[in-house]
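Structure file protein-v7.txt; described as compact mmCIF, C-alpha atoms.
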# COMPACT_ATOMS: atom_id res chain seq x y z
CA MET A 378 60.94 18.78 -59.68
CA THR A 379 63.43 16.16 -60.85
CA ILE A 380 64.70 13.66 -58.30
CA ASN A 381 68.51 13.74 -58.05
CA GLY A 382 69.15 11.88 -54.79
CA VAL A 383 67.85 8.70 -53.16
CA ILE A 384 68.25 7.97 -49.45
CA PHE A 385 67.70 4.38 -48.35
CA ASP A 386 66.98 2.87 -45.00
CA LEU A 387 69.02 -0.29 -44.33
CA GLY A 388 67.14 -2.99 -42.41
CA SER A 389 64.11 -4.44 -44.26
CA THR A 390 64.80 -2.04 -47.14
CA LEU A 391 68.18 -2.99 -48.62
CA ILE A 392 68.66 -6.09 -46.50
CA GLU A 393 66.08 -8.55 -45.18
CA PHE A 394 65.91 -10.32 -41.83
CA ARG A 395 65.66 -14.10 -42.03
CA GLY A 396 65.03 -15.19 -38.48
CA GLU A 397 62.85 -14.83 -35.39
CA TRP A 398 63.28 -11.59 -33.45
CA SER A 399 62.39 -13.17 -30.12
CA ASP A 400 65.17 -15.73 -30.51
CA ILE A 401 67.66 -13.03 -31.44
CA PHE A 402 66.86 -10.80 -28.47
CA ARG A 403 67.30 -13.72 -26.09
CA GLY A 404 70.53 -14.74 -27.80
CA MET A 405 71.90 -11.19 -27.66
CA SER A 406 71.39 -11.12 -23.93
CA ASN A 407 72.96 -14.53 -23.41
CA ASP A 408 76.00 -13.69 -25.53
CA LEU A 409 76.57 -10.38 -23.73
CA ILE A 410 76.36 -12.10 -20.34
CA ALA A 411 78.79 -14.78 -21.50
CA TYR A 412 81.24 -12.10 -22.64
CA LEU A 413 81.04 -10.21 -19.34
CA ARG A 414 81.51 -13.41 -17.37
CA ASP A 415 84.50 -14.46 -19.49
CA HIS A 416 86.11 -11.05 -18.97
CA GLY A 417 86.00 -11.10 -15.21
CA PHE A 418 82.94 -9.04 -14.30
CA ALA A 419 81.72 -10.07 -10.86
CA LEU A 420 77.97 -9.64 -11.26
CA ASP A 421 74.75 -11.28 -10.24
CA PHE A 422 74.12 -12.07 -13.88
CA VAL A 423 70.43 -12.90 -13.44
CA GLN A 424 69.74 -9.54 -11.82
CA PHE A 425 72.03 -7.70 -14.21
CA ASP A 426 70.34 -9.24 -17.25
CA ARG A 427 66.91 -8.22 -15.98
CA ARG A 428 68.01 -4.69 -15.18
CA TYR A 429 69.93 -4.26 -18.42
CA GLN A 430 66.83 -5.15 -20.45
CA GLU A 431 64.85 -2.60 -18.44
CA VAL A 432 67.44 0.08 -19.17
CA VAL A 433 67.48 -0.73 -22.89
CA ASP A 434 63.67 -0.59 -23.07
CA GLN A 435 63.54 2.62 -21.02
CA PHE A 436 65.94 4.54 -23.23
CA TYR A 437 64.59 3.08 -26.47
CA THR A 438 61.11 4.29 -25.54
CA ARG A 439 62.46 7.71 -24.58
CA GLY A 440 64.39 7.94 -27.83
CA GLN A 441 61.31 7.03 -29.86
CA GLN A 442 59.36 9.78 -28.15
CA ASP A 443 62.07 12.45 -28.35
CA TRP A 444 63.58 11.42 -31.71
CA ILE A 445 67.05 11.19 -30.18
CA GLU A 446 69.36 8.16 -30.01
CA TYR A 447 70.58 6.58 -26.80
CA THR A 448 73.34 4.31 -27.98
CA ALA A 449 73.96 0.70 -27.04
CA GLU A 450 77.22 1.81 -25.44
CA TYR A 451 75.37 4.36 -23.32
CA THR A 452 72.81 1.86 -22.04
CA LEU A 453 75.42 -0.82 -21.31
CA ARG A 454 77.60 1.62 -19.40
CA TYR A 455 74.52 2.91 -17.55
CA ALA A 456 73.61 -0.59 -16.37
CA LEU A 457 77.17 -1.58 -15.50
CA ALA A 458 77.57 1.58 -13.41
CA GLU A 459 74.52 0.62 -11.36
CA PHE A 460 76.22 -2.70 -10.59
CA GLY A 461 79.49 -1.17 -9.44
CA TYR A 462 81.41 -0.73 -12.69
CA PRO A 463 81.32 3.02 -13.46
CA GLU A 464 84.58 3.01 -15.45
CA VAL A 465 84.85 0.24 -18.06
CA PRO A 466 87.53 0.39 -20.79
CA ASP A 467 86.21 1.14 -24.28
CA GLU A 468 87.53 -2.11 -25.72
CA LEU A 469 85.52 -4.16 -23.22
CA VAL A 470 82.30 -2.28 -23.90
CA LYS A 471 82.74 -2.52 -27.67
CA GLY A 472 83.73 -6.17 -27.40
CA GLY A 473 80.65 -6.99 -25.36
CA LEU A 474 78.36 -5.26 -27.81
CA ALA A 475 80.02 -6.95 -30.79
CA ALA A 476 79.46 -10.30 -29.11
CA ALA A 477 75.83 -9.44 -28.46
CA PHE A 478 75.12 -8.45 -32.06
CA ALA A 479 77.16 -11.19 -33.77
CA GLN A 480 74.52 -13.90 -34.11
CA GLY A 481 71.82 -11.51 -35.29
CA GLU A 482 74.08 -10.07 -37.96
CA LEU A 483 74.29 -13.50 -39.61
CA LEU A 484 70.53 -13.45 -40.24
CA TRP A 485 70.51 -10.32 -42.41
CA GLN A 486 70.90 -10.86 -46.15
CA PRO A 487 70.63 -8.46 -49.11
CA PHE A 488 67.38 -8.49 -51.05
CA ASP A 489 67.80 -10.35 -54.32
CA ASP A 490 67.34 -7.25 -56.50
CA VAL A 491 69.40 -4.81 -54.44
CA TYR A 492 72.60 -4.77 -56.55
CA ARG A 493 70.73 -4.53 -59.84
CA THR A 494 68.66 -1.65 -58.50
CA LEU A 495 71.62 0.24 -57.06
CA ASP A 496 73.58 -0.21 -60.28
CA THR A 497 70.67 1.17 -62.31
CA LEU A 498 70.31 4.19 -60.06
CA LYS A 499 74.04 4.88 -60.19
CA GLU A 500 74.12 4.56 -63.98
CA ARG A 501 71.28 7.07 -64.23
CA GLY A 502 73.21 9.59 -62.16
CA TYR A 503 71.35 9.55 -58.86
CA LYS A 504 73.21 10.30 -55.67
CA ILE A 505 72.66 7.37 -53.27
CA GLY A 506 72.93 7.56 -49.50
CA LEU A 507 71.77 5.79 -46.38
CA ILE A 508 70.16 6.79 -43.08
CA SER A 509 69.80 4.05 -40.49
CA ASN A 510 68.18 4.21 -37.07
CA ALA A 511 70.41 2.03 -34.92
CA ARG A 512 71.68 1.98 -31.34
CA ASP A 513 75.11 0.71 -32.39
CA ALA A 514 77.00 2.24 -35.31
CA ALA A 515 79.54 -0.58 -35.50
CA ASN A 516 76.69 -3.06 -35.94
CA VAL A 517 75.40 -1.12 -38.95
CA GLU A 518 78.87 -0.77 -40.47
CA ARG A 519 79.35 -4.56 -40.23
CA LEU A 520 75.97 -5.21 -41.83
CA ILE A 521 76.80 -2.85 -44.70
CA ASP A 522 80.09 -4.62 -45.35
CA GLN A 523 78.57 -8.08 -44.93
CA ALA A 524 76.02 -7.19 -47.64
CA ARG A 525 78.75 -5.55 -49.79
CA LEU A 526 76.75 -2.33 -50.09
CA ARG A 527 79.39 0.27 -49.23
CA PRO A 528 80.49 1.10 -52.83
CA TRP A 529 77.09 2.63 -53.63
CA LEU A 530 76.40 4.58 -50.44
CA ASP A 531 77.70 8.10 -49.79
CA PRO A 532 77.03 9.34 -47.22
CA ILE A 533 76.23 6.71 -44.60
CA VAL A 534 74.43 8.32 -41.65
CA ILE A 535 73.69 6.30 -38.52
CA SER A 536 71.57 7.63 -35.68
CA ALA A 537 74.02 6.33 -33.07
CA ASN A 538 76.60 8.72 -34.54
CA ALA A 539 74.22 11.58 -35.33
CA GLY A 540 72.62 11.64 -31.88
CA VAL A 541 69.12 11.90 -33.36
CA ARG A 542 66.94 9.36 -35.11
CA LYS A 543 64.36 9.39 -37.87
CA PRO A 544 61.86 11.09 -38.10
CA ASN A 545 63.90 13.99 -36.64
CA PRO A 546 64.42 16.39 -39.56
CA HIS A 547 68.04 17.01 -38.56
CA ILE A 548 69.21 13.55 -39.58
CA PHE A 549 67.83 14.06 -43.08
CA ARG A 550 69.41 17.49 -43.36
CA ILE A 551 72.82 15.90 -42.80
CA VAL A 552 72.46 14.18 -46.16
CA LEU A 553 70.84 17.13 -47.90
CA ASP A 554 73.66 19.42 -46.78
CA TYR A 555 76.28 16.87 -47.83
CA TRP A 556 74.79 16.60 -51.30
CA GLN A 557 73.90 20.31 -51.52
CA LEU A 558 70.44 19.38 -52.78
CA PRO A 559 67.06 20.86 -51.79
CA PRO A 560 64.52 18.50 -50.17
CA ASP A 561 62.23 18.38 -53.20
CA GLU A 562 65.03 16.80 -55.28
CA VAL A 563 65.55 13.90 -52.85
CA VAL A 564 63.41 10.87 -52.01
CA MET A 565 63.51 8.64 -48.92
CA VAL A 566 62.97 4.90 -49.36
CA GLY A 567 62.23 2.87 -46.25
CA ASP A 568 60.01 0.33 -44.51
CA MET A 569 58.85 2.27 -41.43
CA LEU A 570 55.98 4.73 -41.74
CA GLY A 571 56.72 6.52 -38.48
CA ALA A 572 60.44 6.91 -39.16
CA ASP A 573 61.19 6.91 -42.89
CA ILE A 574 57.96 8.24 -44.37
CA LEU A 575 57.06 10.76 -41.67
CA GLY A 576 60.69 11.86 -41.47
CA ALA A 577 60.86 12.53 -45.20
CA HIS A 578 57.67 14.59 -45.05
CA ASN A 579 58.91 16.51 -42.00
CA VAL A 580 61.83 17.84 -44.02
CA GLY A 581 59.95 18.37 -47.31
CA MET A 582 61.15 15.27 -49.17
CA ARG A 583 59.07 12.76 -51.09
CA SER A 584 58.83 9.24 -49.73
CA VAL A 585 58.60 5.67 -50.99
CA TRP A 586 57.36 2.94 -48.67
CA ALA A 587 59.22 -0.32 -49.32
CA THR A 588 56.71 -2.97 -48.25
CA MET A 589 58.79 -6.16 -48.48
CA GLN A 590 58.98 -6.55 -44.67
CA THR A 591 56.52 -4.15 -43.08
CA GLU A 592 54.38 -6.34 -40.81
CA ARG A 593 55.08 -4.51 -37.57
CA GLU A 594 52.80 -3.13 -34.90
CA ALA A 595 54.39 0.28 -35.36
CA ASN A 596 53.39 0.35 -39.03
CA ALA A 597 49.87 -0.89 -38.31
CA ALA A 598 49.42 2.00 -35.89
CA HIS A 599 50.29 4.56 -38.57
CA VAL A 600 48.86 3.06 -41.74
CA GLN A 601 45.79 5.32 -41.72
CA THR A 602 47.59 8.54 -40.81
CA ILE A 603 51.04 8.53 -42.47
CA VAL A 604 50.67 8.24 -46.22
CA PRO A 605 53.72 7.72 -48.47
CA ASP A 606 53.97 9.37 -51.86
CA ALA A 607 54.38 5.92 -53.40
CA SER A 608 54.87 2.28 -52.41
CA ILE A 609 56.98 -0.48 -53.90
CA ALA A 610 56.79 -4.23 -53.30
CA GLY A 611 60.37 -4.75 -54.48
CA LEU A 612 63.45 -2.60 -55.02
CA SER A 613 63.44 -3.30 -58.74
CA GLU A 614 60.28 -1.17 -59.04
CA LEU A 615 62.11 1.94 -57.84
CA PRO A 616 64.00 3.14 -60.96
CA ALA A 617 60.86 3.30 -63.10
CA LEU A 618 59.00 5.12 -60.34
CA LEU A 619 61.73 7.74 -60.03
CA GLU A 620 61.77 8.28 -63.79
CA LYS A 621 58.05 9.14 -63.67
CA TRP A 622 58.77 11.77 -61.01
Please, can you express the file's structure as C-alpha cells?
Amino acid sequence: MTINGVIFDLGSTLIEFRGEWSDIFRGMSNDLIAYLRDHGFALDFVQFDRRYQEVVDQFYTRGQQDWIEYTAEYTLRYALAEFGYPEVPDELVKGGLAAAFAQGELLWQPFDDVYRTLDTLKERGYKIGLISNARDAANVERLIDQARLRPWLDPIVISANAGVRKPNPHIFRIVLDYWQLPPDEVVMVGDMLGADILGAHNVGMRSVWATMQTEREANAAHVQTIVPDASIAGLSELPALLEKW
C-alpha cells in the first residue's frame, strides 16, 4: 500500500535538545517559584517545591500507565490547591508555566536536515502532520514557532489538548480522521519506541524509528520487544525510504 501521509513526533525527531535535562528540570522549578513569589503567593516555597515535584511525578507516572495526559496546568493547580490556593486566575497559571518552560525552550533547535526533508515530502505530495506527547500545549506551540515548522504541519495534535497520549490509538486516529486516510497509508516517525512505534502499530500504521537522540532508559527497556518497521539515523534518509514503500 502506498504511503500518503507522514506523522512526525516533535522533540528529538524534528528538533534536537542541546542541553542537560537535570539542569533544565532544576531551572524550571526555580523559575516557577520565582514567578509565584513575584506575584504575591504566600507559600512555604521549599515545601511547595518538594510537593509540586511529587505531584508532577505522580501524575506523569499515572499518565504513562493509562495513556492519558495530565496537563501541566492540572498539576500546578492541584499543588496550589493543597497549599490554600484553590482558585487561581488562568493568566497567573499560564504565566507561571510559561516562565517555567522558557529557559528549556531555548535549548531546542531544528535538526540540520529538517527543512530540506519536509520540503521534499511536501513536493512529493505527502500529507504531513505532528503528534506530540506534552504536558503543556502552549510550550509545544512555542517550540514549533521557534523552529519555524508550522507551515508544513497540518494537523498539529498535542496530548495536552487531546487528553490522551501516545501510544493510545485515539490520538493517532485524530490525524487519520482529519486526513481521511486508512492506517496502512500513513507512517509514524518518532524517537520513542514505547510511544511512537508501539502507538503506530496499535492503530495499524507503519513506523520509522528516528535514532538521532534515542539514548533513554525507556527505549533501552523496549529495544528487544518493540520493533519498528524501519529506522533512520537522519531525517534526510526518510524520503527515499518512503519511496521504497
Show me the residues around (58.9, -6.3, -52.6) - criterion: an atom at most 7 Å away, only C-alpha atoms counted - as a list in words. Ala587, Thr588, Met589, Ile609, Ala610, Gly611 and Leu612 of chain A
For atom CA of Leu558 of chain A and atom CA of Gly506 of chain A, determine how far apart the two atoms are, in Å to one decimal place. 12.5 Å
Step by step: start from the point (50.5, 8.8, -43.6) in the file's coordinates, keep every protein, DNA or RNA residue that has an atom no farther than 12 Å from it, count only C-alpha atoms, and write the set as a PyMOL selection string. chain A and resi 569-579+584-586+596-608
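Those residues that approach Glu393 of chain A to within 10 Å, counting all atoms listed in the file, are Leu387, Gly388, Ser389, Leu484, Trp485, Gln486, Pro487, Phe488, Asp489, Met589 and Gln590 of chain A; same-chain residues fewer than 4 positions away are not listed.
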Near Glu482 of chain A, counting all atoms listed in the file, which residues have an atom at most 9 Å away, once you skip same-chain residues fewer than 4 positions from it, shown as an MDAnalysis selection string? chainID A and resid 478 486 516 519:520 523
